[in-house]
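Visitor: Following this line is entry32.cif, made up of mmCIF, C-alpha atoms:
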```cif
data_protein
loop_
_atom_site.label_atom_id
_atom_site.label_comp_id
_atom_site.auth_asym_id
_atom_site.auth_seq_id
_atom_site.Cartn_x
_atom_site.Cartn_y
_atom_site.Cartn_z
CA MET A 1 20.66 75.35 37.22
CA THR A 2 21.15 76.65 33.77
CA LEU A 3 18.73 75.86 30.99
CA LEU A 4 21.47 74.08 29.06
CA LYS A 5 22.26 71.79 32.00
CA LYS A 6 18.57 71.03 32.51
CA GLN A 7 18.26 70.03 28.86
CA TRP A 8 21.37 67.83 29.14
CA LEU A 9 20.03 66.02 32.24
CA LEU A 10 16.64 65.53 30.56
CA GLY A 11 18.37 64.00 27.54
CA VAL A 12 20.29 61.59 29.77
CA ALA A 13 17.11 60.54 31.57
CA VAL A 14 15.30 59.90 28.31
CA LEU A 15 18.24 57.86 27.06
CA LEU A 16 18.25 55.78 30.26
CA LEU A 17 14.52 55.13 29.97
CA LEU A 18 14.87 54.05 26.35
CA THR A 19 17.75 51.74 27.27
CA MET A 20 15.76 50.15 30.12
CA ALA A 21 12.76 49.71 27.86
CA ALA A 22 14.91 48.04 25.26
CA CYS A 23 16.42 45.73 27.87
CA GLY A 24 12.98 44.96 29.24
CA GLY A 25 11.80 44.11 25.71
CA ASN A 26 14.71 41.72 25.24
CA ASP A 27 13.97 40.05 28.57
CA SER A 28 10.35 39.70 27.52
CA ASP A 29 11.33 38.12 24.19
CA THR A 30 13.55 35.55 25.87
CA GLY A 31 11.62 35.20 29.10
CA THR A 32 8.01 34.66 30.02
CA SER A 33 6.59 36.01 26.79
CA GLY A 34 8.98 33.82 24.78
CA ASP A 35 7.93 30.76 26.79
CA ASN A 36 4.31 31.49 25.99
CA ASP A 37 5.14 31.70 22.29
CA SER A 38 6.97 28.37 22.45
CA GLU A 39 4.10 26.79 24.35
CA THR A 40 1.68 28.04 21.69
CA GLU A 41 3.85 26.58 18.97
CA SER A 42 4.15 23.22 20.81
CA ASN A 43 0.36 23.04 21.05
CA GLU A 44 -0.01 23.35 17.31
CA PRO A 45 -1.13 19.93 16.00
CA VAL A 46 1.06 17.94 13.66
CA THR A 47 -0.86 16.91 10.54
CA LEU A 48 0.01 13.57 8.93
CA SER A 49 -1.12 12.74 5.42
CA LEU A 50 -2.32 9.18 4.71
CA LEU A 51 -2.89 7.77 1.21
CA VAL A 52 -5.41 4.91 1.00
CA GLY A 53 -7.22 3.05 -1.78
CA ASN A 54 -10.59 4.39 -2.81
CA GLN A 55 -12.26 1.03 -2.07
CA THR A 56 -11.30 1.34 1.60
CA VAL A 57 -14.14 1.84 4.08
CA LEU A 58 -12.71 4.59 6.26
CA ASP A 59 -14.90 4.30 9.38
CA GLY A 60 -12.35 2.36 11.42
CA ILE A 61 -9.34 4.39 10.36
CA GLU A 62 -11.16 7.66 10.99
CA ALA A 63 -12.30 6.53 14.46
CA VAL A 64 -8.75 5.62 15.51
CA ALA A 65 -7.40 8.80 13.91
CA GLU A 66 -9.78 10.88 16.05
CA GLU A 67 -8.44 9.22 19.19
CA ILE A 68 -4.86 9.79 18.08
CA GLU A 69 -5.63 13.50 17.64
CA GLU A 70 -7.14 13.70 21.13
CA LEU A 71 -4.26 11.81 22.76
CA TYR A 72 -1.24 13.03 20.84
CA ASN A 73 -2.38 16.19 19.02
CA ILE A 74 -1.69 14.48 15.69
CA ARG A 75 -4.23 15.12 12.95
CA THR A 76 -4.76 12.80 9.97
CA ASP A 77 -5.44 14.08 6.48
CA ILE A 78 -6.70 11.16 4.36
CA GLU A 79 -6.18 11.12 0.59
CA LEU A 80 -7.75 8.55 -1.76
CA ARG A 81 -6.08 6.78 -4.69
CA PRO A 82 -7.56 4.56 -7.43
CA GLY A 83 -7.48 0.79 -7.22
CA GLY A 84 -5.82 -1.69 -9.58
CA SER A 85 -2.90 -0.90 -11.87
CA GLU A 86 -3.84 2.80 -12.02
CA GLY A 87 -3.40 3.07 -8.27
CA ASP A 88 -0.18 1.03 -8.36
CA ASN A 89 1.30 3.39 -10.94
CA LEU A 90 0.25 6.44 -8.95
CA VAL A 91 1.97 5.11 -5.83
CA LYS A 92 5.17 4.36 -7.75
CA THR A 93 5.14 7.80 -9.35
CA ARG A 94 4.63 9.64 -6.07
CA LEU A 95 7.41 7.66 -4.42
CA ALA A 96 9.80 8.31 -7.30
CA THR A 97 9.06 12.06 -7.35
CA GLY A 98 9.25 12.50 -3.58
CA ASP A 99 5.57 13.41 -3.42
CA MET A 100 4.43 10.56 -1.15
CA THR A 101 2.28 11.14 1.93
CA ASP A 102 3.62 10.64 5.47
CA LEU A 103 1.75 7.33 5.73
CA LEU A 104 0.81 4.95 2.92
CA ALA A 105 -1.83 2.22 3.09
CA TYR A 106 -0.97 -0.24 0.34
CA ASN A 107 -0.83 -3.94 -0.45
CA SER A 108 1.33 -6.30 1.53
CA GLY A 109 3.17 -9.13 -0.21
CA SER A 110 4.50 -9.01 -3.77
CA LEU A 111 3.09 -5.63 -4.83
CA PHE A 112 4.57 -3.96 -1.76
CA LYS A 113 7.96 -5.62 -2.21
CA ALA A 114 8.03 -4.44 -5.82
CA LEU A 115 8.14 -0.83 -4.49
CA ASN A 116 11.76 -1.19 -3.30
CA PRO A 117 10.81 -0.71 0.39
CA GLU A 118 14.40 -0.20 1.57
CA GLU A 119 14.58 3.05 -0.36
CA TYR A 120 11.25 4.55 0.59
CA PHE A 121 9.98 3.31 3.97
CA VAL A 122 11.03 3.35 7.61
CA ASP A 123 12.25 0.04 9.07
CA LEU A 124 10.07 -0.73 12.09
CA SER A 125 11.83 -3.92 13.21
CA GLY A 126 13.22 -2.21 16.31
CA GLU A 127 9.76 -1.18 17.50
CA GLU A 128 8.20 -3.24 20.29
CA PHE A 129 4.73 -3.28 18.72
CA THR A 130 5.92 -5.34 15.74
CA HIS A 131 6.39 -8.32 18.08
CA ASN A 132 2.60 -8.62 18.35
CA LEU A 133 2.09 -9.18 14.61
CA GLU A 134 1.34 -12.68 13.33
CA ASP A 135 4.36 -14.26 11.63
CA VAL A 136 2.51 -14.89 8.37
CA TYR A 137 1.75 -11.19 8.16
CA THR A 138 5.21 -10.00 9.21
CA GLU A 139 6.70 -11.97 6.33
CA ALA A 140 4.41 -10.17 3.89
CA VAL A 141 5.66 -6.71 4.95
CA SER A 142 9.34 -7.58 5.42
CA VAL A 143 12.44 -7.56 3.28
CA GLY A 144 15.31 -9.41 4.91
CA ASP A 145 15.26 -8.57 8.62
CA ALA A 146 13.51 -5.23 8.10
CA ILE A 147 9.79 -4.91 8.92
CA TYR A 148 8.02 -2.04 7.21
CA GLY A 149 4.29 -2.21 7.92
CA ILE A 150 1.37 -2.94 10.22
CA PRO A 151 -2.02 -4.38 9.17
CA SER A 152 -4.58 -1.76 8.19
CA THR A 153 -7.58 -4.11 8.52
CA SER A 154 -8.42 -7.69 9.33
CA ALA A 155 -7.47 -10.39 6.84
CA ALA A 156 -9.95 -11.53 4.22
CA ALA A 157 -10.69 -14.66 2.27
CA GLY A 158 -10.91 -15.00 -1.48
CA GLY A 159 -13.58 -17.09 -3.14
CA LEU A 160 -17.21 -16.42 -3.88
CA LEU A 161 -19.54 -14.01 -2.16
CA TYR A 162 -23.04 -15.37 -2.68
CA ASN A 163 -26.62 -14.37 -1.98
CA ARG A 164 -27.94 -16.68 0.71
CA ALA A 165 -31.56 -15.71 -0.02
CA VAL A 166 -31.20 -16.85 -3.64
CA TYR A 167 -29.74 -20.15 -2.48
CA GLU A 168 -32.58 -20.65 0.00
CA GLU A 169 -35.24 -19.74 -2.56
CA LEU A 170 -33.85 -22.22 -5.12
CA GLY A 171 -33.05 -24.93 -2.58
CA LEU A 172 -29.32 -24.90 -3.35
CA GLU A 173 -26.44 -26.06 -1.17
CA VAL A 174 -22.95 -24.62 -1.07
CA PRO A 175 -20.94 -26.52 -3.70
CA THR A 176 -17.76 -28.34 -2.72
CA THR A 177 -16.58 -29.09 -6.29
CA TRP A 178 -16.34 -27.03 -9.46
CA ASP A 179 -18.85 -29.30 -11.24
CA GLU A 180 -21.39 -28.75 -8.44
CA PHE A 181 -20.82 -25.01 -8.76
CA LEU A 182 -21.55 -25.12 -12.49
CA GLU A 183 -24.70 -27.15 -11.83
CA ASN A 184 -25.88 -24.55 -9.32
CA ASN A 185 -25.24 -21.84 -11.91
CA ASP A 186 -27.38 -23.65 -14.49
CA ILE A 187 -30.29 -23.75 -12.02
CA ILE A 188 -29.81 -20.08 -11.16
CA ASN A 189 -29.74 -19.17 -14.84
CA GLU A 190 -33.01 -20.99 -15.46
CA ALA A 191 -34.57 -18.94 -12.65
CA GLY A 192 -33.73 -15.73 -14.51
CA ILE A 193 -30.97 -14.69 -12.09
CA THR A 194 -27.40 -13.93 -13.16
CA PRO A 195 -25.20 -16.76 -11.85
CA VAL A 196 -21.83 -14.95 -11.70
CA ILE A 197 -20.97 -11.24 -11.89
CA ALA A 198 -18.15 -10.02 -14.11
CA SER A 199 -17.38 -6.35 -13.34
CA TYR A 200 -14.69 -5.69 -15.92
CA ARG A 201 -15.14 -1.93 -16.02
CA ASP A 202 -13.01 -2.06 -12.88
CA THR A 203 -10.40 -4.35 -14.34
CA TRP A 204 -8.80 -5.26 -11.00
CA THR A 205 -11.89 -7.31 -10.11
CA SER A 206 -11.36 -9.64 -13.07
CA GLN A 207 -8.36 -11.33 -11.45
CA LEU A 208 -10.11 -12.44 -8.26
CA LEU A 209 -11.32 -15.80 -9.55
CA PHE A 210 -7.83 -16.66 -10.84
CA LEU A 211 -6.18 -15.58 -7.59
CA ALA A 212 -8.77 -17.18 -5.28
CA ASP A 213 -8.15 -20.55 -6.92
CA PHE A 214 -4.68 -20.73 -5.38
CA TYR A 215 -5.78 -22.90 -2.44
CA ASN A 216 -6.60 -25.62 -4.95
CA ILE A 217 -3.03 -25.39 -6.27
CA HIS A 218 -1.23 -25.06 -2.95
CA SER A 219 -3.11 -27.86 -1.18
CA ILE A 220 -2.03 -30.34 -3.87
CA ASP A 221 1.36 -28.86 -4.77
CA PRO A 222 2.66 -26.99 -1.70
CA ASP A 223 6.02 -26.36 -3.40
CA PHE A 224 4.48 -24.50 -6.33
CA ALA A 225 5.03 -21.01 -4.85
CA ASP A 226 8.75 -21.64 -4.29
CA ASN A 227 9.18 -23.24 -7.69
CA PHE A 228 7.28 -20.38 -9.34
CA THR A 229 9.49 -17.82 -7.57
CA ASN A 230 12.68 -19.68 -8.52
CA ASN A 231 11.72 -19.96 -12.20
CA GLU A 232 11.25 -23.71 -11.86
CA ALA A 233 7.49 -23.75 -12.58
CA LYS A 234 5.37 -21.92 -15.13
CA ILE A 235 1.62 -21.34 -15.19
CA ALA A 236 1.44 -22.64 -18.77
CA ASP A 237 3.26 -25.87 -17.86
CA THR A 238 1.35 -26.54 -14.61
CA PRO A 239 -2.12 -28.00 -15.27
CA LEU A 240 -3.32 -27.06 -11.78
CA ALA A 241 -2.40 -23.41 -12.36
CA LEU A 242 -3.66 -23.34 -15.95
CA ARG A 243 -6.98 -24.59 -14.60
CA SER A 244 -7.58 -21.19 -13.01
CA PHE A 245 -7.70 -19.55 -16.44
CA GLU A 246 -9.82 -22.41 -17.76
CA LYS A 247 -12.47 -21.78 -15.10
CA LEU A 248 -12.93 -18.24 -16.38
CA GLN A 249 -13.41 -19.57 -19.89
CA GLU A 250 -15.96 -22.17 -18.74
CA LEU A 251 -18.12 -19.58 -17.02
CA LEU A 252 -18.14 -17.50 -20.20
CA GLU A 253 -18.91 -20.42 -22.51
CA ARG A 254 -21.75 -21.70 -20.33
CA GLY A 255 -23.39 -18.27 -20.25
CA HIS A 256 -22.95 -17.83 -16.51
CA PHE A 257 -21.73 -14.23 -16.61
CA ASN A 258 -23.93 -11.14 -16.68
CA ASN A 259 -24.47 -9.15 -19.85
CA GLU A 260 -22.39 -6.01 -20.47
CA GLN A 261 -19.42 -7.24 -18.48
CA SER A 262 -17.19 -4.43 -19.71
CA SER A 263 -19.57 -1.69 -18.55
CA THR A 264 -20.36 -3.29 -15.19
CA GLY A 265 -18.28 -1.90 -12.34
CA TYR A 266 -17.43 -2.97 -8.81
CA GLU A 267 -20.18 -0.91 -7.16
CA ASP A 268 -22.71 -2.20 -9.69
CA ALA A 269 -21.68 -5.73 -8.77
CA LEU A 270 -22.20 -5.16 -5.05
CA ALA A 271 -25.68 -3.79 -5.72
CA MET A 272 -26.58 -6.73 -7.97
CA LEU A 273 -25.42 -9.21 -5.35
CA ALA A 274 -27.12 -7.45 -2.44
CA HIS A 275 -30.44 -7.19 -4.27
CA GLY A 276 -30.40 -10.81 -5.39
CA GLU A 277 -30.15 -9.90 -9.07
CA ALA A 278 -27.05 -12.08 -9.17
CA ALA A 279 -26.06 -15.09 -7.09
CA HIS A 280 -22.24 -15.04 -6.99
CA TYR A 281 -19.40 -12.53 -7.14
CA PRO A 282 -15.79 -13.82 -7.34
CA MET A 283 -14.24 -11.58 -4.72
CA HIS A 284 -12.51 -11.48 -1.38
CA THR A 285 -14.45 -10.51 1.73
CA PHE A 286 -13.11 -6.93 1.98
CA PRO A 287 -16.32 -5.44 0.42
CA LEU A 288 -18.49 -6.62 3.32
CA ALA A 289 -18.19 -3.31 5.14
CA GLU A 290 -19.21 -1.40 2.02
CA ILE A 291 -22.20 -3.69 1.52
CA ARG A 292 -23.20 -3.16 5.15
CA ASN A 293 -22.94 0.61 4.81
CA THR A 294 -24.75 0.81 1.47
CA PHE A 295 -27.27 -2.03 1.86
CA PRO A 296 -27.63 -2.57 5.63
CA ASP A 297 -30.84 -4.57 5.28
CA GLU A 298 -29.17 -7.06 2.94
CA ILE A 299 -25.85 -7.73 4.66
CA ASP A 300 -27.07 -10.88 6.44
CA ASN A 301 -28.01 -12.32 3.04
CA ILE A 302 -24.39 -12.21 1.90
CA GLY A 303 -22.50 -15.45 2.44
CA PHE A 304 -19.12 -16.80 1.41
CA PHE A 305 -17.54 -20.05 0.24
CA GLY A 306 -14.16 -20.98 -1.15
CA LEU A 307 -13.69 -21.39 -4.89
CA PRO A 308 -14.26 -25.11 -5.42
CA GLY A 309 -11.70 -27.49 -6.84
CA ASP A 310 -12.27 -31.11 -7.84
CA ASP A 311 -12.08 -32.87 -4.45
CA PRO A 312 -15.13 -32.43 -2.18
CA ASP A 313 -13.02 -33.42 0.83
CA ASN A 314 -10.47 -30.71 0.09
CA HIS A 315 -12.63 -27.62 -0.28
CA GLY A 316 -10.73 -24.65 1.13
CA ILE A 317 -10.20 -20.90 0.95
CA THR A 318 -7.44 -18.56 -0.15
CA LEU A 319 -6.53 -15.94 2.44
CA TRP A 320 -5.80 -12.31 1.60
CA LEU A 321 -3.54 -10.63 4.11
CA PRO A 322 -4.39 -7.03 4.98
CA ASP A 323 -2.87 -4.01 3.31
CA GLY A 324 -0.02 -2.54 5.28
CA ILE A 325 0.37 0.98 6.61
CA TYR A 326 3.92 2.21 5.97
CA VAL A 327 5.91 5.25 7.12
CA ASN A 328 7.50 7.37 4.39
CA LYS A 329 11.24 7.57 5.08
CA ASP A 330 11.29 11.16 3.76
CA SER A 331 8.45 12.34 5.97
CA GLU A 332 9.18 15.44 8.06
CA HIS A 333 7.09 13.82 10.79
CA ALA A 334 8.42 10.25 10.78
CA GLU A 335 8.43 10.01 14.59
CA GLU A 336 4.82 11.14 14.84
CA ALA A 337 3.96 8.68 12.05
CA LYS A 338 5.51 5.83 14.03
CA GLN A 339 3.53 6.97 17.07
CA TRP A 340 0.39 6.88 14.89
CA ILE A 341 0.85 3.29 13.73
CA GLU A 342 1.91 2.10 17.19
CA TYR A 343 -1.42 3.28 18.57
CA PHE A 344 -3.31 1.88 15.58
CA VAL A 345 -2.26 -1.71 16.44
CA SER A 346 -2.43 -1.26 20.20
CA GLU A 347 -5.17 -2.92 22.22
CA GLU A 348 -6.88 0.45 22.64
CA GLY A 349 -6.62 1.28 18.96
CA LEU A 350 -7.96 -2.09 17.82
CA THR A 351 -10.82 -1.89 20.31
CA THR A 352 -11.85 1.44 18.81
CA TYR A 353 -11.42 0.10 15.27
CA MET A 354 -13.58 -2.96 15.97
CA SER A 355 -16.25 -0.84 17.65
CA VAL A 356 -17.16 0.66 14.25
CA MET A 357 -15.88 -1.99 11.81
CA GLN A 358 -16.91 -5.61 11.62
CA ALA A 359 -14.09 -7.95 10.67
CA ASP A 360 -13.69 -9.31 7.14
CA GLY A 361 -11.72 -12.21 8.57
CA PRO A 362 -9.11 -12.94 11.26
CA TYR A 363 -6.95 -10.13 12.62
CA MET A 364 -3.20 -10.34 12.14
CA VAL A 365 -2.39 -9.18 15.67
CA SER A 366 -1.76 -11.84 18.31
CA GLY A 367 -4.52 -12.39 20.87
CA VAL A 368 -7.26 -10.57 18.92
CA ASP A 369 -10.29 -12.80 18.41
CA LEU A 370 -13.19 -12.35 16.00
CA PRO A 371 -16.09 -10.52 17.66
CA GLU A 372 -19.42 -12.29 18.12
CA ASP A 373 -21.18 -9.82 15.81
CA SER A 374 -19.12 -10.86 12.78
CA TYR A 375 -20.73 -10.92 9.36
CA GLU A 376 -22.52 -14.09 8.31
CA ALA A 377 -20.00 -14.41 5.49
CA VAL A 378 -17.12 -14.34 7.98
CA LYS A 379 -18.82 -16.94 10.17
CA GLU A 380 -18.95 -19.18 7.10
CA MET A 381 -15.22 -18.61 6.64
CA VAL A 382 -14.24 -19.77 10.14
CA PRO A 383 -14.76 -23.54 9.65
CA TYR A 384 -12.28 -23.55 6.76
CA ILE A 385 -9.66 -21.96 9.00
CA ASP A 386 -10.46 -24.21 11.97
CA GLU A 387 -10.07 -27.28 9.75
CA GLY A 388 -6.77 -26.07 8.35
CA LYS A 389 -8.19 -25.66 4.85
CA ALA A 390 -6.79 -22.21 4.15
CA ALA A 391 -3.68 -20.93 2.39
CA PRO A 392 -2.34 -17.41 1.76
CA ALA A 393 -2.78 -16.10 -1.78
CA LEU A 394 0.27 -16.62 -4.00
CA GLU A 395 1.18 -12.93 -3.88
CA PHE A 396 1.81 -13.17 -0.13
CA ILE A 397 4.26 -16.08 -0.30
CA SER A 398 5.97 -15.12 -3.54
CA PRO A 399 7.31 -11.70 -4.56
CA LEU A 400 5.95 -12.29 -8.06
CA LYS A 401 2.68 -10.97 -9.37
CA GLY A 402 2.70 -9.77 -12.95
CA PRO A 403 1.31 -6.22 -13.25
CA ASN A 404 -0.74 -7.10 -16.34
CA LEU A 405 -2.72 -9.94 -14.77
CA GLU A 406 -5.95 -7.95 -14.60
CA GLN A 407 -5.80 -7.17 -18.32
CA ILE A 408 -5.07 -10.82 -19.10
CA THR A 409 -7.99 -12.11 -17.03
CA VAL A 410 -10.31 -9.62 -18.73
CA GLU A 411 -9.20 -11.00 -22.09
CA VAL A 412 -9.98 -14.56 -20.98
CA GLY A 413 -13.30 -13.54 -19.43
CA LEU A 414 -14.36 -11.85 -22.67
CA GLY A 415 -13.17 -14.72 -24.89
CA MET A 416 -10.43 -12.65 -26.52
CA VAL A 417 -7.67 -15.18 -25.74
CA THR A 418 -7.63 -18.86 -24.76
CA PRO A 419 -6.50 -20.01 -21.31
CA GLU A 420 -3.32 -21.39 -22.89
CA GLU A 421 -2.53 -18.06 -24.52
CA ALA A 422 -3.29 -16.24 -21.29
CA ALA A 423 -0.94 -18.50 -19.33
CA ILE A 424 1.91 -17.88 -21.78
CA ASN A 425 1.28 -14.12 -21.67
CA TYR A 426 1.22 -14.11 -17.88
CA ASP A 427 4.42 -16.15 -17.64
CA ARG A 428 6.10 -13.50 -19.82
CA ASP A 429 4.66 -10.76 -17.63
CA VAL A 430 6.06 -12.45 -14.52
CA GLU A 431 9.44 -12.96 -16.17
CA ARG A 432 9.79 -9.23 -16.85
CA GLN A 433 8.87 -8.45 -13.26
CA ALA A 434 11.33 -11.01 -11.86
CA GLN A 435 14.12 -9.48 -13.92
CA GLN A 436 13.22 -6.01 -12.67
CA LEU A 437 13.42 -7.36 -9.12
CA ASN A 438 16.80 -9.01 -9.89
CA LEU A 439 15.60 -12.36 -8.58
CA GLU A 440 18.02 -15.26 -8.78
CA GLY A 441 17.37 -17.73 -11.56
CA TRP A 442 15.75 -15.17 -13.88
CA GLU A 443 18.83 -13.76 -15.62
#
```
Could you express the structure from this file as structure tokens?

Guide:
Amino acid sequence: MTLLKKQWLLGVAVLLLLTMAACGGNDSDTGTSGDNDSETESNEPVTLSLLVGNQTVLDGIEAVAEEIEELYNIRTDIELRPGGSEGDNLVKTRLATGDMTDLLAYNSGSLFKALNPEEYFVDLSGEEFTHNLEDVYTEAVSVGDAIYGIPSTSAAAGGLLYNRAVYEELGLEVPTTWDEFLENNDIINEAGITPVIASYRDTWTSQLLFLADFYNIHSIDPDFADNFTNNEAKIADTPLALRSFEKLQELLERGHFNNEQSSTGYEDALAMLAHGEAAHYPMHTFPLAEIRNTFPDEIDNIGFFGLPGDDPDNHGITLWLPDGIYVNKDSEHAEEAKQWIEYFVSEEGLTTYMSVMQADGPYMVSGVDLPEDSYEAVKEMVPYIDEGKAAPALEFISPLKGPNLEQITVEVGLGMVTPEEAAINYDRDVERQAQQLNLEGWE
């Protein structure tokens, strides 16, 4: 064989080998090796972002999130937002700019409905797990027939957290009328203890007394919420509603508030109450978990009673429904987000949640009872509910809650405006909101 022929045959052989190698490489890319790459990619966890208020105690959410990661390979990245109007504005801005997290924990009721839920959140009404939610809660996270959220916590009650040790030391009984409450405060004042905490540095806390007084309105005038919504009743023209502003003024004028109200914050207030430096804090029961975590030796000294009205036989509480957890309609992981919230309200998820979080009140999922190790404050709440002396806060049965309420209640609490002026200002605030929501009767 000539040298030229040998070289030609060698070239053909090399070409064949290169061709086979190339074919083998293609098979590998689309065959076993490709499957391994796909399997690796499928095992990569999905990460969901969740925006929650910075007053939220995260133990329960984090415990359930850990289980969700183990079961479904879905991680949860939790972001915190401010409370009050600052937090409301941040949520609205992030929604409007398309910068919202996959999941949002936010108010139910009027503040949620003011976000235009149809535009921003996934309708969950077709999901089986929504059938287990209590009707009163479903209404607070619905617009029309669409359901948008699940409860992020237990419900809470609004009224007065109080220091049981102070009451025992001074021989006081829980008041059932406003006059009895003022009398208790006078005795507490004489003992050198602050009767009532005003924590106006965190302005959102200033509105709690006004809002917690709603049971005393609703129990006497059950149509007030509908009339208020339909522009047929005003705060300024309804003596029962105006009374809520007047109570703030009375506490100020009788010297029942702490000094330096404007520089006292929410966390300061919890410390004052836990240590017995103050006797009462107008608040809902959501802070109980924070008190337990920060002052574990004092949590059993924290009690609760409803904000008193004028009838000792009609002493009740105002219920705060839980924040909702909502799925961002623009999320790239909306299906995983729905899987997340389905597990959160499942029996397994709630069991995990309750294993690390004591309830602030009743749960809004059917068939879930309060555990025996509930806070003392929650145990004091139960008789009100059992006797039917409880009503949802106005913001959960009306879409109206003026955004400037917390500034208005600060002004009353500091003596800057009269209750009558505050009521007129708040009615104007509500009117602007109703027009923005295009409610009938507010043209």

Visitor: Contacts of A:Ile291 at 9 Å or less, counting all atoms listed in the file, minus same-chain residues fewer than 3 places along, as a ChimeraX atom specification?

Guide: /A:270-271,274,287-288,294-296,298-299,302

Visitor: Just write the chosen residues, C-alpha atoms, as a CSV table (one decimal), keeping the file's coordinate frame.

Guide:
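Resulting contents of out35.csv:
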```csv
chain,number,residue,atom,x,y,z
A,270,LEU,CA,-22.2,-5.2,-5.0
A,271,ALA,CA,-25.7,-3.8,-5.7
A,274,ALA,CA,-27.1,-7.4,-2.4
A,287,PRO,CA,-16.3,-5.4,0.4
A,288,LEU,CA,-18.5,-6.6,3.3
A,294,THR,CA,-24.8,0.8,1.5
A,295,PHE,CA,-27.3,-2.0,1.9
A,296,PRO,CA,-27.6,-2.6,5.6
A,298,GLU,CA,-29.2,-7.1,2.9
A,299,ILE,CA,-25.8,-7.7,4.7
A,302,ILE,CA,-24.4,-12.2,1.9
```

Visitor: Could you tell me which residues the PyMOL selection byres ((chain A and resi 191) around 12) returns for this structure, as a list in words?

Guide: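 With the PyMOL selection byres ((chain A and resi 191) around 12) on this model, the match is Val166, Tyr167, Glu169, Leu170, Gly171, Asn184, Asn185, Asp186, Ile187, Ile188, Asn189, Glu190, Gly192, Ile193, Thr194, Pro195, Gly276, Glu277, Ala278 and Ala279 of chain A.
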
Visitor: Could you spell out the hits of the PyMOL selection byres ((chain A and resi 199-210) around 10) on the shown file, as a ChimeraX atom specification?

Guide: /A:83-86,158-160,196-198,211-214,241-248,257-258,260-270,281-284,307,404-414

Visitor: Could you tell me which residues the PyMOL selection byres ((chain A and resi 387) around 12) grabs in this file, written as a list in words?

Guide: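 That selection, the PyMOL selection byres ((chain A and resi 387) around 12), comes back as Asp313, Asn314, His315, Gly316, Ile317, Met381, Val382, Pro383, Tyr384, Ile385, Asp386, Gly388, Lys389, Ala390 and Ala391 of chain A.
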
Visitor: For atom CA of A:Thr101 and atom CA of A:Ala359, determine how far apart the two atoms are, in Å to one decimal place.

Guide: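 According to the coordinates, atom CA of A:Thr101 and atom CA of A:Ala359 are separated by 26.6 Å.
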
Visitor: Let me make sure I understand: among A:Glu342, A:Glu380, A:Glu290, A:Glu372, which one has the smallest atom-to-atom distance to A:Ser355 if we use only C-alpha atoms?

Guide: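 Nearest to A:Ser355: A:Glu372.
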
Visitor: Kindly give the distance, in Å, that separates atom CA of A:Asn227 and atom CA of A:Leu437, rounded to a single decimal.

Guide: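 That distance, rounded to one decimal, is 16.5 Å.
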
Visitor: Could you work out an axis-aligned box for stretch 219-231 of chain A, taking every atom the file lists and adding 8 Å on each side, and report centre and edge lengths in Å to one decimal, as JSON?

Guide:
```
{"center_x": 4.8, "center_y": -24.1, "center_z": -6.7, "size_x": 31.8, "size_y": 28.5, "size_z": 27.0}
```

Visitor: Which residues, written as a PyMOL selection string, have at least one atom at most 8 Å from A:Lys401, with all atoms listed in the file counted and residues fewer than 3 positions away on the same chain left out?

Guide: chain A and resi 110-111+395+398+405+430+433

Visitor: Can you tell me, as a PDB file with C-alpha atoms, in the coordinates of the input, which residues sit within 8 Å of (2.7, -4.6, 14.7) in the file's frame, using all atoms listed in the file?

Guide:
```
ATOM      1  CA  GLU A 128       8.200  -3.240  20.290  1.00  0.00           C
ATOM      2  CA  PHE A 129       4.730  -3.280  18.720  1.00  0.00           C
ATOM      3  CA  THR A 130       5.920  -5.340  15.740  1.00  0.00           C
ATOM      4  CA  HIS A 131       6.390  -8.320  18.080  1.00  0.00           C
ATOM      5  CA  ASN A 132       2.600  -8.620  18.350  1.00  0.00           C
ATOM      6  CA  LEU A 133       2.090  -9.180  14.610  1.00  0.00           C
ATOM      7  CA  GLY A 149       4.290  -2.210   7.920  1.00  0.00           C
ATOM      8  CA  ILE A 150       1.370  -2.940  10.220  1.00  0.00           C
ATOM      9  CA  PRO A 151      -2.020  -4.380   9.170  1.00  0.00           C
ATOM     10  CA  GLU A 342       1.910   2.100  17.190  1.00  0.00           C
ATOM     11  CA  VAL A 345      -2.260  -1.710  16.440  1.00  0.00           C
ATOM     12  CA  VAL A 365      -2.390  -9.180  15.670  1.00  0.00           C
TER      13      VAL A 365
END
```

Visitor: Hey, can you check how far atom CA of A:Glu168 sits from atom CA of A:Asp373?

Guide: 22.3 Å

Visitor: So, with only C-alpha atoms as the atoms that count, which of A:Glu347, A:Asp427, A:Asp310, A:Glu139 lies closest to A:Leu240?

Guide: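 For A:Leu240, the nearest of the candidates is A:Asp310.
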
Visitor: Counting all atoms listed in the file, which residue out of A:Asp369, A:Asp429, A:Glu67, A:Asp102 sits closest to A:Asp330?

Guide: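 Of all the options, A:Asp102 lies closest to A:Asp330.
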
Visitor: Rank nothing, just name the residue among A:Phe344, A:Trp320, A:Phe304, A:Phe228 nearest to A:Ala63, using only C-alpha atoms.

Guide: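 Going through A:Phe344, A:Trp320, A:Phe304, A:Phe228 one by one, the smallest distance to A:Ala63 is for A:Phe344.
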
Visitor: I'd like to know which of A:Gln339, A:Asn230, A:Thr352, A:Thr318 is closest to A:Leu400, using only C-alpha atoms.

Guide: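 Of all the options, A:Asn230 lies closest to A:Leu400.
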
Visitor: Considering only C-alpha atoms, state which residue in the set A:Ala434, A:Ala225, A:Leu50, A:Leu58 is at the smallest distance from A:Ala289.

Guide: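 Checking each of A:Ala434, A:Ala225, A:Leu50, A:Leu58 against A:Ala289, counting only C-alpha atoms, the winner is A:Leu58.
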